[in-house]
file work02.cif (mmCIF, C-alpha atoms)
data_my_file
#
loop_
_atom_site.label_atom_id
_atom_site.label_comp_id
_atom_site.auth_asym_id
_atom_site.auth_seq_id
_atom_site.Cartn_x
_atom_site.Cartn_y
_atom_site.Cartn_z
CA MET L 1 107.42 119.69 96.53
CA SER L 2 107.50 122.98 94.66
CA ALA L 3 105.32 125.91 95.58
CA ASP L 4 103.48 125.49 92.28
CA GLY L 5 102.65 121.90 93.17
CA LEU L 6 101.20 122.96 96.50
CA TRP L 7 99.36 126.12 95.61
CA ARG L 8 98.70 126.26 91.89
CA PRO L 9 96.50 123.36 90.86
CA VAL L 10 95.15 123.53 87.32
CA SER L 11 91.91 122.32 85.78
CA GLY L 12 91.47 120.62 82.45
CA CYS L 13 89.01 123.25 81.24
CA GLY L 14 89.46 125.11 78.00
CA PRO L 15 87.41 127.16 75.53
CA ASP L 16 85.44 124.04 74.60
CA CYS L 17 83.91 124.07 78.10
CA LEU L 18 82.23 127.44 77.51
CA PRO L 19 78.80 127.94 75.91
CA LEU L 20 78.65 127.84 72.14
CA ALA L 21 78.22 131.03 70.20
CA GLY L 22 74.56 131.77 69.63
CA ALA L 23 73.40 130.96 73.17
CA PRO L 24 70.48 133.17 74.31
CA THR L 25 71.61 136.58 75.56
CA VAL L 26 70.00 139.81 76.69
CA PRO L 27 69.97 142.96 74.52
CA PRO L 28 73.00 145.31 74.69
CA ARG L 29 70.97 147.96 76.51
CA ARG L 30 70.27 145.57 79.37
CA ARG L 31 73.93 144.60 79.57
CA VAL L 32 74.89 148.25 79.96
CA GLY L 33 72.25 148.67 82.66
CA ARG L 34 73.63 145.68 84.54
CA LEU L 35 77.17 147.02 84.29
CA VAL L 36 76.10 150.41 85.65
CA GLY L 37 74.29 148.69 88.51
CA VAL L 38 77.32 146.58 89.40
CA LEU L 39 79.64 149.59 89.36
CA GLY L 40 77.21 151.32 91.70
CA MET L 41 77.30 148.34 94.07
CA LEU L 42 81.10 148.38 94.03
CA VAL L 43 81.11 152.05 94.98
CA LEU L 44 78.61 151.28 97.73
CA GLY L 45 80.93 148.50 98.84
CA VAL L 46 83.76 150.98 99.35
CA GLY L 47 81.61 152.95 101.77
CA LEU L 48 80.52 149.73 103.44
CA ALA L 49 84.16 148.75 103.92
CA GLY L 50 84.62 151.78 106.13
CA LEU L 51 81.67 150.82 108.33
CA LEU L 52 82.21 147.08 108.74
CA PRO L 53 85.01 147.24 111.35
CA VAL L 54 82.82 149.23 113.76
CA LEU L 55 79.55 147.33 113.30
CA PRO L 56 78.43 144.62 115.77
CA ALA L 57 78.69 141.08 114.36
CA ARG L 58 74.98 140.68 113.59
CA GLU L 59 74.71 144.02 111.81
CA ARG L 60 77.98 143.39 109.96
CA ASP L 61 76.72 140.06 108.64
CA ALA L 62 73.41 141.61 107.58
CA ALA L 63 75.20 144.42 105.74
CA VAL L 64 77.51 142.04 103.88
CA ARG L 65 74.61 139.70 103.01
CA GLY L 66 72.54 142.61 101.71
CA TRP L 67 75.41 143.96 99.62
CA ALA L 68 76.15 140.56 98.07
CA ARG L 69 72.49 139.92 97.23
CA GLY L 70 72.15 143.42 95.79
CA THR L 71 75.17 142.85 93.58
CA LEU L 72 73.73 139.58 92.29
CA ARG L 73 70.43 141.32 91.52
CA ALA L 74 72.31 144.05 89.66
CA LEU L 75 73.86 141.32 87.51
CA GLY L 76 70.43 139.89 86.77
CA ILE L 77 71.11 136.70 88.72
CA ARG L 78 68.46 134.79 90.68
CA LEU L 79 69.76 133.15 93.85
CA VAL L 80 68.17 129.96 95.17
CA VAL L 81 69.20 127.88 98.18
CA ARG L 82 68.59 124.29 99.20
CA GLY L 83 69.28 123.19 102.77
CA ARG L 84 70.00 125.08 105.97
CA LEU L 85 73.20 126.57 107.27
CA PRO L 86 74.45 126.42 110.86
CA ARG L 87 73.77 129.36 113.16
CA ARG L 88 77.27 129.42 114.57
CA ARG L 89 80.86 128.74 113.63
CA ALA L 90 81.68 126.40 110.76
CA LEU L 91 84.22 125.84 108.04
CA LEU L 92 82.28 126.27 104.80
CA VAL L 93 83.84 124.43 101.85
CA ALA L 94 82.61 124.78 98.27
CA ASN L 95 83.45 123.91 94.71
CA HIS L 96 84.91 126.76 92.68
CA VAL L 97 83.52 127.76 89.29
CA SER L 98 83.54 131.53 89.12
CA TRP L 99 84.32 134.82 90.81
CA LEU L 100 80.58 134.81 91.49
CA ASP L 101 81.12 132.01 94.03
CA VAL L 102 82.34 134.57 96.56
CA LEU L 103 79.10 136.54 96.20
CA ALA L 104 77.16 133.28 96.53
CA VAL L 105 78.75 132.47 99.89
CA LEU L 106 78.42 136.02 101.23
CA ALA L 107 74.78 136.24 100.12
CA VAL L 108 73.89 133.01 101.91
CA ALA L 109 76.16 132.87 104.96
CA PRO L 110 78.45 135.87 105.50
CA ALA L 111 81.82 134.45 106.48
CA ARG L 112 85.47 135.29 106.59
CA LEU L 113 86.95 134.17 103.30
CA LEU L 114 90.31 132.62 102.54
CA ALA L 115 91.79 134.36 99.49
CA LYS L 116 95.12 134.69 97.74
CA ARG L 117 97.21 137.67 98.78
CA GLU L 118 96.81 139.34 95.37
CA VAL L 119 93.12 139.98 96.04
CA ARG L 120 94.06 142.61 98.64
CA ALA L 121 95.47 144.79 95.82
CA TRP L 122 92.37 144.57 93.61
CA PRO L 123 90.63 147.95 93.17
CA LEU L 124 87.57 148.35 95.43
CA VAL L 125 87.14 144.59 95.91
CA GLY L 126 90.40 144.25 97.85
CA ARG L 127 89.43 146.96 100.28
CA LEU L 128 86.03 145.41 100.93
CA ALA L 129 87.58 141.96 101.34
CA ALA L 130 90.06 143.23 103.91
CA ALA L 131 87.33 145.07 105.84
CA ALA L 132 85.22 141.91 105.91
CA GLY L 133 88.03 140.05 107.67
CA THR L 134 89.34 138.00 104.75
CA VAL L 135 92.28 135.75 105.62
CA PHE L 136 94.89 136.29 102.93
CA VAL L 137 97.39 133.60 102.00
CA ASP L 138 100.63 134.03 100.07
CA ARG L 139 100.70 131.09 97.68
CA ALA L 140 104.33 131.81 96.80
CA ARG L 141 105.39 131.03 100.39
CA PRO L 142 104.19 127.55 101.35
CA ARG L 143 106.11 127.76 104.63
CA GLU L 144 103.50 130.26 105.81
CA LEU L 145 100.75 127.66 105.44
CA PRO L 146 100.78 126.53 109.12
CA ALA L 147 100.37 130.13 110.24
CA THR L 148 97.42 130.57 107.86
CA VAL L 149 95.81 127.39 109.19
CA GLY L 150 96.30 128.81 112.67
CA ARG L 151 94.52 132.06 111.74
CA VAL L 152 91.59 130.13 110.30
CA ALA L 153 91.41 127.95 113.44
CA ALA L 154 91.48 131.07 115.62
CA ALA L 155 88.57 132.57 113.68
CA LEU L 156 86.60 129.35 114.12
CA ARG L 157 87.33 129.26 117.87
CA ALA L 158 86.08 132.85 118.06
CA GLY L 159 82.73 131.69 116.72
CA ARG L 160 83.12 132.88 113.14
CA ARG L 161 82.24 131.11 109.91
CA VAL L 162 85.15 130.78 107.49
CA ALA L 163 84.68 129.92 103.81
CA VAL L 164 87.30 128.26 101.62
CA PHE L 165 87.43 126.84 98.09
CA PRO L 166 89.69 123.83 98.63
CA GLU L 167 89.95 122.90 94.94
CA GLY L 168 92.42 125.77 94.72
CA THR L 169 91.32 126.97 91.29
CA THR L 170 88.21 127.54 89.21
CA TRP L 171 86.85 125.11 86.62
CA CYS L 172 83.71 124.82 84.49
CA GLY L 173 81.74 122.89 87.13
CA GLU L 174 80.20 120.42 84.69
CA ALA L 175 82.74 118.16 82.93
CA ALA L 176 84.15 115.65 85.41
CA GLY L 177 87.42 115.43 83.47
CA CYS L 178 88.03 119.13 84.06
CA ARG L 179 88.16 118.95 87.84
CA PRO L 180 91.50 120.03 89.31
CA GLY L 181 93.90 117.20 90.06
CA ARG L 182 94.21 115.95 93.66
CA GLY L 183 90.73 117.22 94.51
CA PHE L 184 90.12 119.12 97.72
CA ARG L 185 93.37 120.26 99.32
CA PRO L 186 93.34 119.09 102.95
CA ALA L 187 95.34 121.82 104.70
CA MET L 188 92.49 124.05 105.85
CA PHE L 189 90.50 121.09 107.13
CA GLN L 190 93.12 120.88 109.87
CA ALA L 191 91.79 124.20 111.15
CA ALA L 192 88.35 122.64 111.67
CA VAL L 193 89.94 119.67 113.47
CA ASP L 194 92.03 121.93 115.72
CA ALA L 195 89.07 124.18 116.54
CA GLY L 196 86.56 121.34 116.92
CA ALA L 197 84.33 123.08 114.38
CA PRO L 198 81.90 121.44 111.93
CA VAL L 199 82.63 121.36 108.21
CA VAL L 200 79.68 122.32 106.00
CA PRO L 201 79.97 121.37 102.29
CA LEU L 202 78.32 123.70 99.77
CA ARG L 203 77.54 122.86 96.14
CA ILE L 204 77.49 125.93 93.88
CA GLY L 205 75.86 125.57 90.46
CA TYR L 206 74.70 127.76 87.61
CA ALA L 207 71.81 127.44 85.17
CA ALA L 208 70.47 129.56 82.34
CA THR L 209 66.99 129.27 80.84
CA GLY L 210 66.46 126.16 82.95
CA ALA L 211 69.58 124.18 81.98
CA ALA L 212 73.04 123.92 83.53
CA THR L 213 75.48 126.42 82.06
CA THR L 214 79.18 127.20 82.19
CA ALA L 215 78.68 130.84 81.19
CA PRO L 216 79.86 132.26 84.55
CA ALA L 217 83.01 130.11 84.62
CA PHE L 218 86.38 131.84 84.93
CA LEU L 219 88.80 129.59 83.09
CA GLY L 220 92.46 129.29 82.19
CA ASP L 221 94.12 132.28 80.56
CA GLU L 222 90.97 134.32 79.93
CA THR L 223 90.67 137.69 81.61
CA LEU L 224 88.21 138.53 84.36
CA TRP L 225 86.53 140.93 81.95
CA ASP L 226 85.83 138.06 79.52
CA SER L 227 83.93 136.24 82.25
CA VAL L 228 82.16 139.39 83.43
CA ARG L 229 80.93 140.11 79.90
CA ARG L 230 79.39 136.63 79.61
CA VAL L 231 77.59 137.11 82.91
CA LEU L 232 76.32 140.55 81.89
CA ALA L 233 74.95 139.05 78.67
CA ALA L 234 73.46 135.85 80.14
CA ARG L 235 69.70 135.39 79.99
CA ASP L 236 67.78 134.02 82.99
CA LEU L 237 70.91 133.12 84.97
CA THR L 238 70.29 131.26 88.23
CA LEU L 239 72.89 130.65 90.93
CA SER L 240 72.08 127.76 93.27
CA VAL L 241 73.70 126.90 96.59
CA THR L 242 73.01 123.45 97.99
CA VAL L 243 73.93 122.87 101.63
CA ALA L 244 74.95 119.31 102.53
CA ALA L 245 74.86 117.83 106.03
CA ALA L 246 77.55 119.09 108.38
CA LEU L 247 80.58 116.91 109.10
CA HIS L 248 81.72 116.88 112.73
CA PRO L 249 85.40 115.88 112.96
CA ALA L 250 86.68 113.97 115.98
CA VAL L 251 89.53 115.40 118.04
CA ASP L 252 92.08 113.21 116.25
CA ALA L 253 90.43 113.27 112.80
CA ASP L 254 92.61 112.87 109.71
CA ARG L 255 92.32 116.05 107.66
CA ARG L 256 92.81 114.12 104.41
CA LEU L 257 89.90 111.81 105.11
CA LEU L 258 87.82 114.80 106.18
CA ALA L 259 88.66 116.56 102.90
CA ARG L 260 87.64 113.48 100.88
CA ALA L 261 84.34 113.21 102.77
CA ALA L 262 83.57 116.89 102.15
CA GLU L 263 84.49 116.56 98.47
CA SER L 264 82.14 113.60 98.08
CA ALA L 265 79.35 115.59 99.72
CA VAL L 266 79.91 118.52 97.37
CA HIS L 267 80.16 116.59 94.12
CA LEU L 268 78.01 113.52 94.73
CA VAL L 269 75.26 114.06 97.30
CA PRO L 270 73.92 117.42 96.09
CA ALA L 271 74.01 116.26 92.46
CA ALA L 272 71.39 113.62 93.28
CA ARG L 273 69.17 116.32 94.77
CA ARG L 274 69.30 118.78 91.90
CA SER L 275 65.99 117.49 90.56
CA ALA L 276 64.25 118.95 93.62
CA PRO L 277 62.52 122.28 93.01
CA PRO L 278 64.68 125.25 94.03
CA VAL L 279 63.67 127.39 96.97
CA PRO L 280 63.87 131.16 96.34
CA VAL L 281 66.32 132.67 98.81
CA GLY L 282 63.74 135.03 100.18
CA GLU L 283 61.61 132.11 101.39
CA LEU L 284 64.33 130.23 103.26
CA ASP L 285 65.31 130.69 106.89
CA LEU L 286 69.06 130.98 106.44
CA ALA L 287 69.69 131.41 110.16
CA ALA L 288 68.47 127.94 111.05
#
call {"tool": "encode", "arguments": {"input": "work02.cif", "output": "C-alpha cells"}}
result
Amino acid sequence: MSADGLWRPVSGCGPDCLPLAGAPTVPPRRRVGRLVGVLGMLVLGVGLAGLLPVLPARERDAAVRGWARGTLRALGIRLVVRGRLPRRRALLVANHVSWLDVLAVLAVAPARLLAKREVRAWPLVGRLAAAAGTVFVDRARPRELPATVGRVAAALRAGRRVAVFPEGTTWCGEAAGCRPGRGFRPAMFQAAVDAGAPVVPLRIGYAATGAATTAPAFLGDETLWDSVRRVLAARDLTLSVTVAAALHPAVDADRRLLARAAESAVHLVPAARRSAPPVPVGELDLAA
C-alpha cells in the first residue's frame, strides 16, 4: 500500500460543511482583542517551553494545563467536561475536528501528543510541542511506524498519558458522510496492548449560541488562518470534551477490534449523552 493510503486519509468535508454567511459573530474590536491575547499566550508558551524539561511531572502537567486553558479563554472559548479521566497512564483517543482539539486535550488531561513531523517546524507551537514531549511521526516513511508505536508504548509503560487522533485527519464533526474513510487507524492501539495500558475514548464537540457548530473546523485546502479567523469571530463558542469508559485490552487483544470499540465509544456513546447539562471545567475533579 502506498504511503498516502496509510498516512493521508481524507474526509468528505467541503465548504458546504461550514457555517453559512450571516451567522452571529462578535464585533471586530473583540476579534482584535482575542488575537492579541492569543499571541501573548504563544509568547508565554515559548518561555514555558524552556521550563518544561526541568519541571517535575506534576508541576509540568499543571503548567501545560494552565497554558492551554488560558489560550482557550483568550480565544473566548468556554470549556466544559463530562466524565472523569484516569489518574495514571492511558492512551487517549479522540475524534479530530480542529487545531483546537490539541488545546482541548491539554486543558483536560496533559499528555504527550502524537503529531506529524511537520509540526516541529511550526513557529512557536513546534518548540512548545517538542518541549512537552510530543512524539513526532514522519508520515512519508511508513516503515518507521513500528518504531513510533514502540515510542508510544514506552511512554505508556513509563506512566505517561499519550493522546492520539486516530482518524488521521480533521473533518467537520457533524455530517456522518464526511468522516474519514476506514475510521480509526489501528496502529497506535498496538502500543496500548503492548504496554497493558487502558484506552480512554474522548468525544470533542463544538457549539455556538447553544447549537452544534462547525465554525472551528479545519477542512480541506483552507489555510490555518481561515480557521483561526472563524474562531476569533465566533460568538459564545463552547468546546466540550466527553470522556467515555476506559477500555482495558487483554494481553493478546486485536488492535483492530480495539480501534473499532474505541471509535464506537467516541461517535455513538457520547452522542446519546449530549443532552445532559454540561459541567463547567472549573467544577470537575479532573484528577479522579
call {"tool": "resolve_selection", "arguments": {"input": "work02.cif", "expression": "the PyMOL selection byres ((chain L and resi 149-164) around 7)", "output": "ChimeraX atom specification"}}
result
/L:88-94,111-114,145-148,165-166,188,191-192,194-195,197
call {"tool": "write_last_selection", "arguments": {"input": "work02.cif", "atoms": "C-alpha atoms", "output": "mmCIF file, in the coordinates of the input"}}
result
data_model
loop_
_atom_site.group_PDB
_atom_site.id
_atom_site.type_symbol
_atom_site.label_atom_id
_atom_site.label_comp_id
_atom_site.auth_asym_id
_atom_site.auth_seq_id
_atom_site.Cartn_x
_atom_site.Cartn_y
_atom_site.Cartn_z
ATOM 1 C CA ARG L 88 77.270 129.420 114.570
ATOM 2 C CA ARG L 89 80.860 128.740 113.630
ATOM 3 C CA ALA L 90 81.680 126.400 110.760
ATOM 4 C CA LEU L 91 84.220 125.840 108.040
ATOM 5 C CA LEU L 92 82.280 126.270 104.800
ATOM 6 C CA VAL L 93 83.840 124.430 101.850
ATOM 7 C CA ALA L 94 82.610 124.780 98.270
ATOM 8 C CA ALA L 111 81.820 134.450 106.480
ATOM 9 C CA ARG L 112 85.470 135.290 106.590
ATOM 10 C CA LEU L 113 86.950 134.170 103.300
ATOM 11 C CA LEU L 114 90.310 132.620 102.540
ATOM 12 C CA LEU L 145 100.750 127.660 105.440
ATOM 13 C CA PRO L 146 100.780 126.530 109.120
ATOM 14 C CA ALA L 147 100.370 130.130 110.240
ATOM 15 C CA THR L 148 97.420 130.570 107.860
ATOM 16 C CA PHE L 165 87.430 126.840 98.090
ATOM 17 C CA PRO L 166 89.690 123.830 98.630
ATOM 18 C CA MET L 188 92.490 124.050 105.850
ATOM 19 C CA ALA L 191 91.790 124.200 111.150
ATOM 20 C CA ALA L 192 88.350 122.640 111.670
ATOM 21 C CA ASP L 194 92.030 121.930 115.720
ATOM 22 C CA ALA L 195 89.070 124.180 116.540
ATOM 23 C CA ALA L 197 84.330 123.080 114.380
#
call {"tool": "closest_residue", "arguments": {"input": "work02.cif", "among": "L:Leu85, L:Leu42, L:Val243, L:Val108", "to": "L:Gly66", "atoms": "only C-alpha atoms"}}
result
L:Val108
call {"tool": "residues_around", "arguments": {"input": "work02.cif", "residues": "L:Val38", "least_positions_apart": "4", "cutoff": "7 Å", "atoms": "only C-alpha atoms", "output": "count of residues only"}}
result
5
call {"tool": "atom_distance", "arguments": {"input": "work02.cif", "atom1": "atom CA of L:Val135", "atom2": "atom CA of L:Val119"}}
result
10.5 Å
call {"tool": "residues_near_point", "arguments": {"input": "work02.cif", "point": "(82.3, 127.4, 93.3)", "cutoff": "12 Å", "atoms": "only C-alpha atoms", "output": "CSV table (one decimal) with C-alpha atoms, in the coordinates of the input"}}
result
chain,number,residue,atom,x,y,z
L,92,LEU,CA,82.3,126.3,104.8
L,93,VAL,CA,83.8,124.4,101.8
L,94,ALA,CA,82.6,124.8,98.3
L,95,ASN,CA,83.4,123.9,94.7
L,96,HIS,CA,84.9,126.8,92.7
L,97,VAL,CA,83.5,127.8,89.3
L,98,SER,CA,83.5,131.5,89.1
L,99,TRP,CA,84.3,134.8,90.8
L,100,LEU,CA,80.6,134.8,91.5
L,101,ASP,CA,81.1,132.0,94.0
L,102,VAL,CA,82.3,134.6,96.6
L,103,LEU,CA,79.1,136.5,96.2
L,104,ALA,CA,77.2,133.3,96.5
L,105,VAL,CA,78.8,132.5,99.9
L,163,ALA,CA,84.7,129.9,103.8
L,164,VAL,CA,87.3,128.3,101.6
L,165,PHE,CA,87.4,126.8,98.1
L,166,PRO,CA,89.7,123.8,98.6
L,167,GLU,CA,90.0,122.9,94.9
L,168,GLY,CA,92.4,125.8,94.7
L,169,THR,CA,91.3,127.0,91.3
L,170,THR,CA,88.2,127.5,89.2
L,171,TRP,CA,86.8,125.1,86.6
L,172,CYS,CA,83.7,124.8,84.5
L,173,GLY,CA,81.7,122.9,87.1
L,174,GLU,CA,80.2,120.4,84.7
L,179,ARG,CA,88.2,119.0,87.8
L,201,PRO,CA,80.0,121.4,102.3
L,202,LEU,CA,78.3,123.7,99.8
L,203,ARG,CA,77.5,122.9,96.1
L,204,ILE,CA,77.5,125.9,93.9
L,205,GLY,CA,75.9,125.6,90.5
L,206,TYR,CA,74.7,127.8,87.6
L,214,THR,CA,79.2,127.2,82.2
L,216,PRO,CA,79.9,132.3,84.6
L,217,ALA,CA,83.0,130.1,84.6
L,218,PHE,CA,86.4,131.8,84.9
L,239,LEU,CA,72.9,130.6,90.9
L,240,SER,CA,72.1,127.8,93.3
L,241,VAL,CA,73.7,126.9,96.6
L,242,THR,CA,73.0,123.4,98.0
L,266,VAL,CA,79.9,118.5,97.4
L,267,HIS,CA,80.2,116.6,94.1
call {"tool": "residues_around", "arguments": {"input": "work02.cif", "residues": "L:Lys116", "least_positions_apart": "5", "cutoff": "10 Å", "atoms": "all atoms listed in the file", "output": "list of chain:residue names"}}
result
L:Trp7, L:Thr134, L:Val135, L:Phe136, L:Val137, L:Asp138, L:Arg139, L:Ala140, L:Gly168
call {"tool": "atom_distance", "arguments": {"input": "work02.cif", "atom1": "atom CA of L:Arg87", "atom2": "atom CA of L:Arg260"}}
result
24.4 Å
call {"tool": "atom_distance", "arguments": {"input": "work02.cif", "atom1": "atom CA of L:Pro198", "atom2": "atom CA of L:Ala245"}}
result
9.9 Å
call {"tool": "resolve_selection", "arguments": {"input": "work02.cif", "expression": "the PyMOL selection byres ((chain L and resi 15-28) around 6)", "output": "list of chain:residue names"}}
result
L:Gly14, L:Arg29, L:Arg30, L:Arg31, L:Thr214, L:Ala233, L:Ala234, L:Arg235
